[in-house]
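Trainee: Just so it is clear, I am handing over entry-v9.txt, which has compact mmCIF, C-alpha atoms.
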```txt
# COMPACT_ATOMS: atom_id res chain seq x y z
CA MET A 291 21.05 49.29 63.71
CA PRO A 292 19.68 52.83 63.05
CA LYS A 293 17.24 53.35 60.28
CA ALA A 294 19.02 54.22 57.01
CA THR A 295 17.75 56.90 54.73
CA LYS A 296 16.68 55.94 51.21
CA SER A 297 19.55 56.20 48.77
CA PRO A 298 19.55 56.15 44.95
CA GLU A 299 19.76 52.78 43.18
CA ILE A 300 23.35 51.70 42.56
CA PRO A 301 23.54 48.54 40.42
CA GLU A 302 27.21 47.81 40.80
CA SER A 303 28.37 45.92 43.91
CA GLU A 304 31.59 47.91 44.05
CA SER A 305 29.65 51.17 44.46
CA LEU A 306 27.56 49.68 47.24
CA LEU A 307 30.69 48.61 49.07
CA LYS A 308 32.13 52.11 48.81
CA LEU A 309 28.90 53.58 50.13
CA ILE A 310 28.97 51.35 53.16
CA ALA A 311 32.62 51.97 53.74
CA ASN A 312 32.10 55.77 53.71
CA ARG A 313 29.55 55.67 56.51
CA GLY A 314 32.09 56.10 59.23
CA SER A 315 29.56 57.41 61.70
CA ILE A 316 28.18 53.90 62.18
CA GLU A 317 30.40 51.50 63.96
CA PHE A 318 30.30 47.88 62.98
CA ASP A 319 32.33 45.12 64.31
CA SER A 320 34.24 43.08 61.75
CA GLU A 321 31.79 40.17 61.74
CA ARG A 322 28.65 42.27 61.12
CA GLU A 323 30.40 44.28 58.45
CA GLY A 324 31.47 41.10 56.59
CA ALA A 325 27.93 39.65 56.79
CA TRP A 326 26.41 42.85 55.48
CA ILE A 327 28.87 42.97 52.60
CA GLU A 328 28.08 39.34 51.72
CA VAL A 329 24.33 40.06 51.73
CA ILE A 330 24.80 42.97 49.38
CA ARG A 331 26.99 40.85 47.08
CA LYS A 332 24.31 38.14 46.92
CA MET A 333 21.66 40.77 46.16
CA ASP A 334 23.81 42.06 43.34
CA GLU A 335 24.25 38.52 41.92
CA VAL A 336 20.51 37.90 42.08
CA TYR A 337 19.86 41.20 40.32
CA SER A 338 22.34 40.29 37.57
CA ASP A 339 20.64 36.91 37.16
CA LEU A 340 17.27 38.60 36.91
CA LEU A 341 18.54 40.89 34.18
CA ARG A 342 19.97 37.90 32.27
CA TYR A 343 16.76 35.92 32.69
CA GLU A 344 14.76 38.87 31.43
CA VAL A 345 16.90 39.11 28.29
CA ASP A 346 16.58 35.34 27.70
CA LEU A 347 12.84 35.54 28.22
CA GLU A 348 12.54 38.31 25.68
CA HIS A 349 14.49 36.19 23.16
CA LYS A 350 12.29 33.17 23.85
CA ASN A 351 9.15 35.29 23.47
CA ALA A 352 10.42 36.61 20.15
CA GLU A 353 11.17 33.09 18.93
CA LEU A 354 7.77 31.89 20.14
CA GLU A 355 5.99 34.73 18.36
CA GLU A 356 7.95 34.00 15.18
CA ALA A 357 7.07 30.29 15.37
CA GLN A 358 3.43 31.10 16.06
CA ALA A 359 3.35 33.49 13.10
CA PHE A 360 4.92 30.82 10.90
CA VAL A 361 2.39 28.17 11.96
CA THR A 362 -0.48 30.60 11.48
CA ASN A 363 0.82 31.55 8.03
CA VAL A 364 1.10 27.88 7.03
CA ILE A 365 -2.42 27.11 8.28
CA GLU A 366 -3.84 30.08 6.40
CA SER A 367 -1.99 29.11 3.23
CA VAL A 368 -3.51 25.63 3.13
CA SER A 369 -6.19 25.43 0.44
CA ASP A 370 -7.98 22.55 2.19
CA ILE A 371 -10.26 23.33 5.10
CA LEU A 372 -8.67 22.81 8.53
CA VAL A 373 -10.52 22.70 11.86
CA VAL A 374 -9.03 22.00 15.31
CA CYS A 375 -11.44 20.66 17.94
CA ASP A 376 -11.02 19.66 21.56
CA ALA A 377 -12.07 16.34 23.04
CA LYS A 378 -15.70 17.55 23.31
CA GLY A 379 -15.92 18.73 19.72
CA VAL A 380 -15.56 22.43 20.48
CA VAL A 381 -13.89 24.37 17.65
CA GLN A 382 -10.62 25.87 18.87
CA GLN A 383 -9.10 27.02 15.60
CA ALA A 384 -9.86 27.05 11.87
CA ASN A 385 -8.24 28.46 8.77
CA SER A 386 -9.45 31.04 6.27
CA ALA A 387 -10.43 28.34 3.76
CA PHE A 388 -12.96 27.03 6.29
CA GLN A 389 -14.23 30.57 6.88
CA HIS A 390 -14.57 31.19 3.14
CA MET A 391 -16.46 27.94 2.73
CA LEU A 392 -18.89 28.76 5.57
CA GLY A 393 -19.40 32.33 4.36
CA ARG A 394 -19.33 33.82 7.87
CA PRO A 395 -16.65 35.12 10.31
CA LEU A 396 -14.70 32.67 12.42
CA ASP A 397 -15.77 34.55 15.56
CA HIS A 398 -19.20 32.97 15.09
CA VAL A 399 -17.64 29.51 15.00
CA LEU A 400 -14.75 29.49 17.49
CA GLY A 401 -15.77 28.27 20.92
CA GLY A 402 -18.87 26.52 19.64
CA GLY A 403 -19.46 22.86 18.92
CA ILE A 404 -18.64 21.62 15.44
CA ALA A 405 -21.89 19.66 15.45
CA ALA A 406 -23.72 22.99 15.16
CA ILE A 407 -22.08 23.79 11.81
CA VAL A 408 -22.46 20.34 10.28
CA ALA A 409 -25.33 20.02 7.82
CA ALA A 410 -28.52 18.44 9.09
CA GLY A 411 -28.48 14.68 8.78
CA ASP A 412 -24.66 14.39 8.87
CA GLY A 413 -24.40 14.10 12.65
CA ALA A 414 -23.97 10.32 12.46
CA ARG A 415 -21.04 10.81 10.05
CA LEU A 416 -19.42 13.26 12.48
CA GLU A 417 -19.35 11.03 15.55
CA PRO A 418 -16.66 8.55 14.34
CA LEU A 419 -14.40 11.47 13.44
CA LEU A 420 -14.41 12.80 17.02
CA GLN A 421 -13.90 9.49 18.86
CA PRO A 422 -10.73 9.03 21.01
CA ARG A 423 -8.14 6.73 19.43
CA ALA A 424 -4.43 6.01 19.08
CA ALA A 425 -2.08 8.67 17.82
CA THR A 426 -1.42 6.86 14.53
CA GLU A 427 -5.06 6.03 13.76
CA VAL A 428 -6.45 8.36 11.09
CA VAL A 429 -10.17 8.11 10.30
CA ASP A 430 -11.70 9.06 6.94
CA GLY A 431 -15.24 10.29 6.44
CA GLU A 432 -17.53 12.55 4.47
CA LEU A 433 -19.34 15.66 5.73
CA ARG A 434 -21.45 18.57 4.58
CA PHE A 435 -21.42 21.88 6.45
CA ALA A 436 -24.17 24.42 7.07
CA THR A 437 -23.17 27.55 5.16
CA ALA A 438 -24.68 31.00 4.82
CA GLY A 439 -26.29 29.88 1.57
CA GLY A 440 -27.61 26.57 2.84
CA SER A 441 -25.41 23.47 2.61
CA SER A 442 -21.89 23.00 1.27
CA ASP A 443 -20.63 20.40 -1.17
CA LEU A 444 -19.71 17.00 0.17
CA PHE A 445 -16.20 17.06 1.68
CA ALA A 446 -13.79 14.16 2.08
CA ILE A 447 -12.60 14.52 5.70
CA ASN A 448 -9.48 13.16 7.42
CA SER A 449 -9.54 13.12 11.22
CA SER A 450 -6.16 12.98 13.00
CA PRO A 451 -6.12 12.63 16.82
CA ARG A 452 -4.29 15.04 19.17
CA HIS A 453 -2.61 14.00 22.45
CA ASP A 454 -0.86 15.98 25.20
CA HIS A 455 2.57 15.26 26.66
CA ARG A 456 1.05 12.62 28.92
CA GLY A 457 -0.51 10.79 25.99
CA ARG A 458 -4.08 11.78 26.85
CA PHE A 459 -6.54 12.40 24.03
CA ILE A 460 -7.27 16.13 23.81
CA GLY A 461 -9.03 16.51 20.46
CA VAL A 462 -8.80 16.09 16.71
CA VAL A 463 -7.62 17.94 13.61
CA LEU A 464 -10.05 17.78 10.69
CA THR A 465 -8.85 18.44 7.16
CA GLY A 466 -11.03 18.19 4.08
CA ARG A 467 -11.36 18.81 0.39
CA PRO A 468 -14.47 18.88 -1.80
CA ILE A 469 -15.09 15.47 -3.32
CA GLY A 470 -15.78 17.19 -6.63
CA GLU A 471 -12.14 18.26 -6.82
CA LEU A 472 -10.98 14.77 -5.89
CA ARG A 473 -13.23 13.29 -8.55
CA ARG A 474 -11.89 15.66 -11.19
CA ALA A 475 -8.33 14.89 -10.13
CA TYR A 476 -9.07 11.17 -10.26
CA GLU A 477 -10.65 11.48 -13.70
CA ALA A 478 -7.61 13.41 -14.96
CA LEU A 479 -5.32 10.77 -13.48
CA HIS A 480 -7.43 7.99 -14.99
CA LYS A 481 -7.34 9.69 -18.39
CA ALA A 482 -3.57 10.12 -18.21
CA HIS A 483 -3.20 6.47 -17.19
CA HIS A 484 -5.43 5.41 -20.08
CA GLU A 485 -3.37 7.47 -22.54
CA LEU A 486 -0.19 5.95 -21.16
CA GLN A 487 -1.59 2.45 -21.59
CA ARG A 488 -2.67 3.25 -25.13
CA ALA A 489 0.78 4.62 -25.98
CA GLN A 490 2.36 1.54 -24.42
CA ARG A 491 0.14 -0.76 -26.48
CA GLN A 492 1.06 1.14 -29.63
CA LEU A 493 4.76 0.79 -28.87
CA VAL A 494 4.35 -2.91 -28.20
CA GLU A 495 2.41 -3.37 -31.44
CA GLN A 496 5.05 -1.45 -33.38
CA GLU A 497 7.77 -3.65 -31.96
CA LYS A 498 5.69 -6.71 -32.78
CA MET A 499 5.31 -5.49 -36.35
CA ALA A 500 9.07 -4.98 -36.55
CA SER A 501 9.57 -8.51 -35.20
CA LEU A 502 6.99 -9.76 -37.68
CA GLY A 503 8.91 -8.07 -40.50
CA ARG A 504 12.10 -9.81 -39.44
CA LEU A 505 10.14 -13.04 -39.14
CA VAL A 506 8.75 -12.70 -42.67
CA ALA A 507 12.26 -12.10 -44.02
CA GLY A 508 13.42 -15.31 -42.35
CA VAL A 509 10.38 -17.21 -43.63
CA ALA A 510 11.06 -15.97 -47.17
CA HIS A 511 14.57 -17.43 -47.02
CA GLU A 512 13.23 -20.62 -45.49
CA LEU A 513 10.52 -21.03 -48.14
CA ASN A 514 12.82 -20.27 -51.02
CA ASN A 515 14.57 -23.68 -51.05
CA PRO A 516 11.54 -26.01 -51.05
CA ILE A 517 9.61 -23.78 -53.45
CA SER A 518 12.56 -23.69 -55.88
CA PHE A 519 12.88 -27.46 -55.56
CA VAL A 520 9.17 -28.04 -56.26
CA TYR A 521 9.21 -25.52 -59.10
CA GLY A 522 12.16 -27.26 -60.78
CA ASN A 523 10.54 -30.69 -60.41
CA ILE A 524 7.30 -29.42 -61.94
CA HIS A 525 9.19 -28.13 -65.01
CA THR A 526 10.86 -31.54 -65.37
CA LEU A 527 7.52 -33.34 -65.07
CA MET A 528 6.06 -31.07 -67.76
CA ARG A 529 8.85 -32.11 -70.17
CA TYR A 530 8.27 -35.74 -69.26
CA ARG A 531 4.57 -35.30 -69.92
CA THR A 532 5.28 -34.16 -73.52
CA ALA A 533 7.43 -37.22 -74.21
CA LEU A 534 4.87 -39.60 -72.69
CA VAL A 535 2.01 -38.09 -74.72
CA ALA A 536 4.02 -38.54 -77.97
CA TYR A 537 4.79 -42.17 -77.12
CA LEU A 538 1.18 -42.98 -76.19
CA ASP A 539 -0.07 -41.37 -79.43
CA ALA A 540 2.27 -43.67 -81.39
CA ILE A 541 0.99 -46.71 -79.51
CA HIS A 542 -2.65 -45.87 -80.24
CA GLY A 543 -2.01 -45.21 -83.93
CA LYS A 544 -2.30 -41.48 -83.81
CA SER A 545 1.26 -41.10 -85.10
CA LYS A 546 2.81 -42.23 -88.44
CA THR A 547 5.77 -43.73 -86.56
CA THR A 548 5.71 -47.53 -86.68
CA ASP A 549 9.00 -48.32 -84.99
CA LEU A 550 7.86 -48.05 -81.35
CA ALA A 551 11.13 -49.44 -79.98
CA ALA A 552 13.17 -46.72 -81.71
CA LEU A 553 10.70 -44.08 -80.56
CA ARG A 554 10.84 -45.40 -77.00
CA GLU A 555 14.59 -45.17 -77.03
CA ARG A 556 14.62 -41.73 -78.64
CA LEU A 557 12.13 -40.30 -76.11
CA ARG A 558 13.99 -42.02 -73.25
CA ILE A 559 10.75 -43.45 -71.89
CA ASP A 560 12.56 -45.91 -69.62
CA ASP A 561 14.63 -43.14 -68.04
CA ILE A 562 11.48 -41.06 -67.57
CA LEU A 563 9.66 -43.89 -65.84
CA ALA A 564 12.67 -44.52 -63.58
CA ASP A 565 12.89 -40.83 -62.71
CA PHE A 566 9.21 -40.48 -61.80
CA GLY A 567 9.65 -41.92 -58.29
CA PRO A 568 12.43 -39.56 -57.10
CA LEU A 569 10.70 -36.56 -58.72
CA ILE A 570 7.42 -37.26 -56.96
CA ASP A 571 9.18 -37.98 -53.67
CA GLY A 572 11.19 -34.76 -53.92
CA THR A 573 8.12 -32.73 -54.79
CA LEU A 574 6.20 -34.21 -51.87
CA GLU A 575 9.13 -33.52 -49.56
CA GLY A 576 9.19 -29.86 -50.64
CA ALA A 577 5.43 -29.58 -50.23
CA VAL A 578 5.61 -31.13 -46.73
CA ARG A 579 8.40 -28.70 -45.83
CA ILE A 580 6.30 -25.77 -47.00
CA SER A 581 3.35 -27.14 -45.04
CA GLU A 582 5.49 -27.35 -41.89
CA ILE A 583 6.62 -23.75 -42.31
CA VAL A 584 3.00 -22.62 -42.73
CA LYS A 585 2.02 -24.56 -39.61
CA ASN A 586 4.82 -22.85 -37.69
CA LEU A 587 3.57 -19.50 -38.93
CA ARG A 588 0.06 -20.34 -37.76
CA ARG A 589 1.37 -21.38 -34.35
CA LEU A 590 3.43 -18.20 -34.10
CA SER A 591 0.58 -15.90 -35.10
CA PHE A 592 0.77 -12.75 -33.00
CA SER A 593 -2.99 -12.38 -33.09
CA LYS A 594 -3.40 -15.23 -30.61
CA VAL A 595 -2.49 -13.14 -27.58
CA GLY A 596 -3.09 -14.97 -24.33
CA GLU A 597 -3.45 -18.41 -25.92
CA VAL A 598 -1.67 -20.95 -23.74
CA ALA A 599 -0.62 -24.37 -25.01
CA GLN A 600 2.13 -26.92 -24.53
CA VAL A 601 5.26 -25.73 -26.35
CA ASP A 602 7.95 -28.08 -27.61
CA ILE A 603 11.18 -26.28 -26.65
CA GLU A 604 13.38 -28.09 -29.18
CA ARG A 605 11.12 -27.27 -32.11
CA LEU A 606 10.61 -23.69 -30.88
CA ILE A 607 14.33 -22.95 -30.55
CA ASN A 608 15.28 -24.63 -33.83
CA THR A 609 12.69 -22.63 -35.76
CA ALA A 610 13.49 -19.32 -34.07
CA VAL A 611 17.27 -19.66 -34.44
CA LEU A 612 17.00 -20.78 -38.05
CA TRP A 613 14.83 -17.84 -39.06
CA ALA A 614 16.83 -15.28 -37.07
CA VAL A 615 20.14 -16.43 -38.57
CA ARG A 616 18.67 -16.51 -42.09
CA THR A 617 17.35 -12.97 -41.62
CA LYS A 618 20.76 -11.60 -40.59
CA GLN A 619 22.55 -13.37 -43.46
CA VAL A 620 25.87 -13.66 -41.61
CA ARG A 621 28.40 -16.44 -41.28
CA LEU A 622 28.76 -17.72 -37.73
CA ASP A 623 29.19 -20.90 -35.74
CA VAL A 624 25.80 -21.90 -34.30
CA ARG A 625 25.79 -24.50 -31.55
CA MET A 626 22.54 -26.04 -30.28
CA GLU A 627 22.67 -27.79 -26.91
CA ILE A 628 19.04 -28.77 -26.36
CA GLU A 629 17.90 -31.55 -24.08
CA ARG A 630 15.18 -33.65 -25.67
CA GLY A 631 11.64 -33.86 -24.37
CA LEU A 632 11.45 -30.37 -22.82
CA CYS A 633 8.05 -28.65 -22.81
CA VAL A 634 6.59 -25.55 -21.19
CA SER A 635 3.12 -24.05 -21.09
CA GLY A 636 2.72 -20.67 -22.76
CA ASN A 637 2.10 -18.70 -25.90
CA GLU A 638 4.37 -20.14 -28.59
CA GLY A 639 4.30 -16.98 -30.70
CA GLN A 640 5.43 -14.80 -27.82
CA LEU A 641 8.18 -17.21 -26.75
CA HIS A 642 9.33 -17.38 -30.38
CA GLN A 643 9.56 -13.60 -30.40
CA VAL A 644 11.76 -13.70 -27.27
CA ILE A 645 14.18 -16.24 -28.75
CA VAL A 646 14.39 -14.31 -32.03
CA ASN A 647 15.10 -11.04 -30.18
CA LEU A 648 17.85 -12.62 -28.07
CA VAL A 649 19.48 -14.33 -31.04
CA GLU A 650 19.39 -11.19 -33.19
CA ASN A 651 20.87 -9.11 -30.35
CA ALA A 652 23.65 -11.68 -29.91
CA ILE A 653 24.42 -11.63 -33.64
CA ASP A 654 24.50 -7.81 -33.63
CA ALA A 655 26.82 -7.83 -30.61
CA MET A 656 29.30 -10.09 -32.47
CA ARG A 657 29.45 -7.79 -35.48
CA THR A 658 33.13 -6.99 -34.89
CA THR A 659 34.10 -10.47 -33.63
CA ALA A 660 36.54 -12.35 -35.87
CA GLN A 661 35.01 -15.80 -35.33
CA PRO A 662 31.46 -15.28 -34.03
CA ARG A 663 29.97 -18.17 -32.12
CA LEU A 664 26.36 -18.42 -30.96
CA THR A 665 25.29 -21.05 -28.42
CA VAL A 666 21.64 -21.72 -27.58
CA SER A 667 21.03 -24.21 -24.78
CA ALA A 668 17.99 -25.66 -23.05
CA SER A 669 18.14 -28.01 -20.08
CA ARG A 670 16.04 -29.21 -17.19
CA GLN A 671 16.78 -27.48 -13.89
CA GLY A 672 14.64 -28.99 -11.16
CA SER A 673 11.02 -28.31 -12.08
CA ASP A 674 12.01 -25.58 -14.55
CA VAL A 675 13.39 -25.42 -18.07
CA LEU A 676 16.46 -23.18 -18.33
CA ILE A 677 17.05 -21.52 -21.71
CA ALA A 678 20.23 -19.54 -22.40
CA VAL A 679 21.55 -17.60 -25.41
CA THR A 680 25.29 -16.88 -25.23
CA ASP A 681 27.79 -15.26 -27.57
CA ASN A 682 31.52 -14.58 -27.68
CA GLY A 683 31.21 -10.87 -28.39
CA PRO A 684 32.57 -7.97 -26.32
CA GLY A 685 29.92 -8.39 -23.61
CA ILE A 686 27.76 -5.76 -21.89
CA GLU A 687 29.31 -2.64 -20.40
CA LYS A 688 29.01 -2.48 -16.62
CA ASP A 689 27.13 0.83 -16.74
CA ASN A 690 24.54 -0.68 -19.09
CA ILE A 691 23.75 -3.96 -17.28
CA GLY A 692 21.34 -2.23 -14.90
CA ARG A 693 19.56 -0.46 -17.78
CA ILE A 694 19.53 -3.22 -20.40
CA PHE A 695 15.80 -3.96 -19.92
CA GLU A 696 14.62 -0.34 -19.76
CA PRO A 697 12.29 0.79 -22.57
CA PHE A 698 13.98 2.75 -25.39
CA PHE A 699 17.45 1.94 -24.10
CA THR A 700 19.68 0.67 -26.91
CA THR A 701 23.38 0.62 -27.74
CA LYS A 702 22.73 0.21 -31.46
CA ARG A 703 23.17 2.98 -33.98
CA VAL A 704 20.27 5.24 -34.89
CA GLY A 705 17.84 3.43 -37.15
CA GLU A 706 19.01 -0.06 -36.16
CA GLY A 707 16.92 -0.58 -33.04
CA THR A 708 14.00 0.87 -31.10
CA GLY A 709 15.17 -0.16 -27.64
CA LEU A 710 11.93 -2.07 -27.06
CA GLY A 711 12.93 -5.63 -27.96
CA LEU A 712 14.48 -6.60 -24.63
CA TRP A 713 11.85 -4.65 -22.69
CA ILE A 714 9.03 -6.55 -24.41
CA SER A 715 10.90 -9.84 -24.04
CA TYR A 716 11.35 -9.16 -20.32
CA GLY A 717 7.61 -8.55 -19.93
CA ILE A 718 6.72 -11.70 -21.90
CA ILE A 719 8.93 -13.88 -19.70
CA ARG A 720 7.49 -12.28 -16.55
CA GLU A 721 3.96 -13.07 -17.79
CA HIS A 722 5.04 -16.70 -18.29
CA GLY A 723 6.26 -16.96 -14.70
CA GLY A 724 9.99 -16.52 -15.34
CA GLU A 725 12.69 -13.88 -15.08
CA LEU A 726 14.91 -12.76 -17.96
CA SER A 727 18.44 -11.90 -16.82
CA ALA A 728 21.64 -10.71 -18.49
CA ALA A 729 25.23 -11.23 -17.41
CA ASN A 730 28.76 -11.19 -18.76
CA ARG A 731 30.62 -14.51 -19.01
CA PRO A 732 34.09 -14.85 -17.41
CA GLU A 733 35.51 -16.20 -20.69
CA GLY A 734 34.01 -13.26 -22.61
CA GLY A 735 30.71 -12.47 -24.23
CA ALA A 736 27.22 -12.09 -22.81
CA CYS A 737 24.59 -14.56 -21.68
CA PHE A 738 20.83 -13.96 -21.62
CA SER A 739 18.90 -16.64 -19.77
CA PHE A 740 15.47 -17.36 -18.31
CA ALA A 741 13.74 -20.30 -16.63
CA LEU A 742 10.13 -21.29 -17.19
CA PRO A 743 8.05 -23.86 -15.30
CA SER A 744 8.13 -27.21 -17.04
CA ALA A 745 4.85 -28.44 -18.48
```
In structure tokens, what does this structure look like?

Mentor:
Amino acid sequence: MPKATKSPEIPESESLLKLIANRGSIEFDSEREGAWIEVIRKMDEVYSDLLRYEVDLEHKNAELEEAQAFVTNVIESVSDILVVCDAKGVVQQANSAFQHMLGRPLDHVLGGGIAAIVAAGDGARLEPLLQPRAATEVVDGELRFATAGGSSDLFAINSSPRHDHRGRFIGVVLTGRPIGELRRAYEALHKAHHELQRAQRQLVEQEKMASLGRLVAGVAHELNNPISFVYGNIHTLMRYRTALVAYLDAIHGKSKTTDLAALRERLRIDDILADFGPLIDGTLEGAVRISEIVKNLRRLSFSKVGEVAQVDIERLINTAVLWAVRTKQVRLDVRMEIERGLCVSGNEGQLHQVIVNLVENAIDAMRTTAQPRLTVSASRQGSDVLIAVTDNGPGIEKDNIGRIFEPFFTTKRVGEGTGLGLWISYGIIREHGGELSAANRPEGGACFSFALPSA
């Protein structure tokens, strides 16, 4: 085949075929001509692939540059110091925060060992941070760095390992923040937590005072009957005293009356003597009743927080229900289904507060019920004592069941409730080892129940 002269570049295969076809001076047999045409076609396909690969490569390079710029921007935007080291502790990359902390250009740091920029005496702290380890194992430490002005503040350092695609350890990433900032942040958090606890205690105390006010109202109604009874008996005894003094004066000659029998009948001395026994018994009964109420008040004193004693469930429920119902001053059917001999260990005042809250909420829920009925039950359930307060009111709305124990959540009108009663009751039962729950009954109404370990 004669040597062909150099021709201009023709990218299209069709042009190349025309060029070959126009060279009539060279004779080819049909087989050589077909082979030559096939070679040129393949060259054209390869050239087209090269052009396509070049375009794809340019796109990939642009995407890679964009990703690299994004990563660099993120690293530079981080306020914490960030240092990337290889497996030998050589600094490969660092951010501007690290440069600002050192007070010198990164060119003086990159490519050198990180041990050279760690403050003297902190080399032992550095070694655990550079050790090979699993990908998920993060090591914490503290370091000082040698700066242009001497030594930096103490930094809290996190060391995260780096691994290649084969899983081999290739270095670490160190991030750090001055401990002074962490301490200030912790102090601010601690202060906020303390303020929150103080506000919570104030809310609890306010709710306790509200419960105490309702308790005092119930006690006032409870004390009114025996005090009125004792007061009336004392007035009667005072009248009897006057008659007895007049009769005794006549007996001892201090009176001009000589007919003692007529005087005895007129002063009704026999009736007075017969009435002394019932009067004294009634007065003693009223005094004992008052004494029992005072003892209950002493047992239910809210100042004895944390005091644990054996609590008689029957006495606790009877007292709490009686005072809660007296406070509300409503007519309703109260049913007590209490198994005898039940006792739990706990703070009687706090448990009394829970029962009062549940009973008052049940009474409020039955405000529009034609024939309100309250049932308070207590029974043994295995090693626990199950206490339940049920009503025949409208029940709890489905949307509210999940929020019923949240603080400040209430369905009462403004001024009628703080939304803390059930929340405090829930916490009290949790502290006593139980769980307060609420549910709607199939026959209507709501049921609040909790179980406490039997004493």

Trainee: Rank nothing, just name the residue among A:Arg579, A:Arg625, A:Arg529, A:Arg630 nearest to Arg605 in chain A, using all atoms listed in the file.

Mentor: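 For Arg605 in chain A, the nearest of the given residues is A:Arg630.
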
Trainee: Residues of range 414-492 of chain A that have any atom at most 12 Å from an atom of range 708-730 of chain A: could you tabulate them with the shortest-distance atom pair and the distance in Å to one decimal, using all atoms listed in the file, ordered by chain and increasing number, as JSON lines?

Mentor:
```
{"residue": "A:Gln490", "atom": "CA", "partner": "A:Ile714", "partner_atom": "CA", "distance": 10.5}
{"residue": "A:Arg491", "atom": "CA", "partner": "A:Ile714", "partner_atom": "CA", "distance": 10.8}
{"residue": "A:Gln492", "atom": "CA", "partner": "A:Leu710", "partner_atom": "CA", "distance": 11.6}
```

Trainee: Could you jot down the CA of Ile603 in chain A to CA of Cys633 in chain A separation for me, Å, one decimal place?

Mentor: 5.5 Å

Trainee: Between CA of Val368 in chain A and CA of Ser386 in chain A, what is the distance, to one decimal in Å?

Mentor: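 Between CA of Val368 in chain A and CA of Ser386 in chain A the gap is 8.6 Å.
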
Trainee: For a cut-off of 9 Å around (22.6, -20.0, -29.1), file coordinates, pick out all residues using all atoms listed in the file and list them as a list in words.

Mentor: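 Those within range, by chain then number, are Ile607, Val611, Val624, Arg625, Met626, Glu627, Leu648, Val649, Ala652, Arg663, Leu664, Thr665, Val666, Ser667, Ala678, Val679, Thr680 and Asp681 of chain A.
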
Trainee: Box time for range 656-662 of chain A: axis-aligned, enclosing all its listed atoms, 3 Å extra on each side; report centre and edge lengths in Å to one decimal, as JSON.

Mentor:
```
{"center_x": 32.9, "center_y": -11.4, "center_z": -34.2, "size_x": 13.2, "size_y": 14.8, "size_z": 9.4}
```

Trainee: Would you list the contacts of Gly393 in chain A as a PyMOL selection string, taking every protein, DNA or RNA residue within 12 Å and counting all atoms listed in the file, but skipping same-chain residues closer than 6 positions in sequence?

Mentor: chain A and resi 386-387+399+407+435-442

Trainee: Looking at A:Ile559, A:Ala489, A:Leu569, A:Met333, which one is nearest to His525 in chain A, with distances taken over only C-alpha atoms?

Mentor: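 The closest residue to His525 in chain A is A:Leu569.
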
Trainee: Tell me, as a count of residues only, which residues lie within 9 Å of Gln383 in chain A, counting all atoms listed in the file; anything in the same chain fewer than 4 positions away does not count.

Mentor: 8
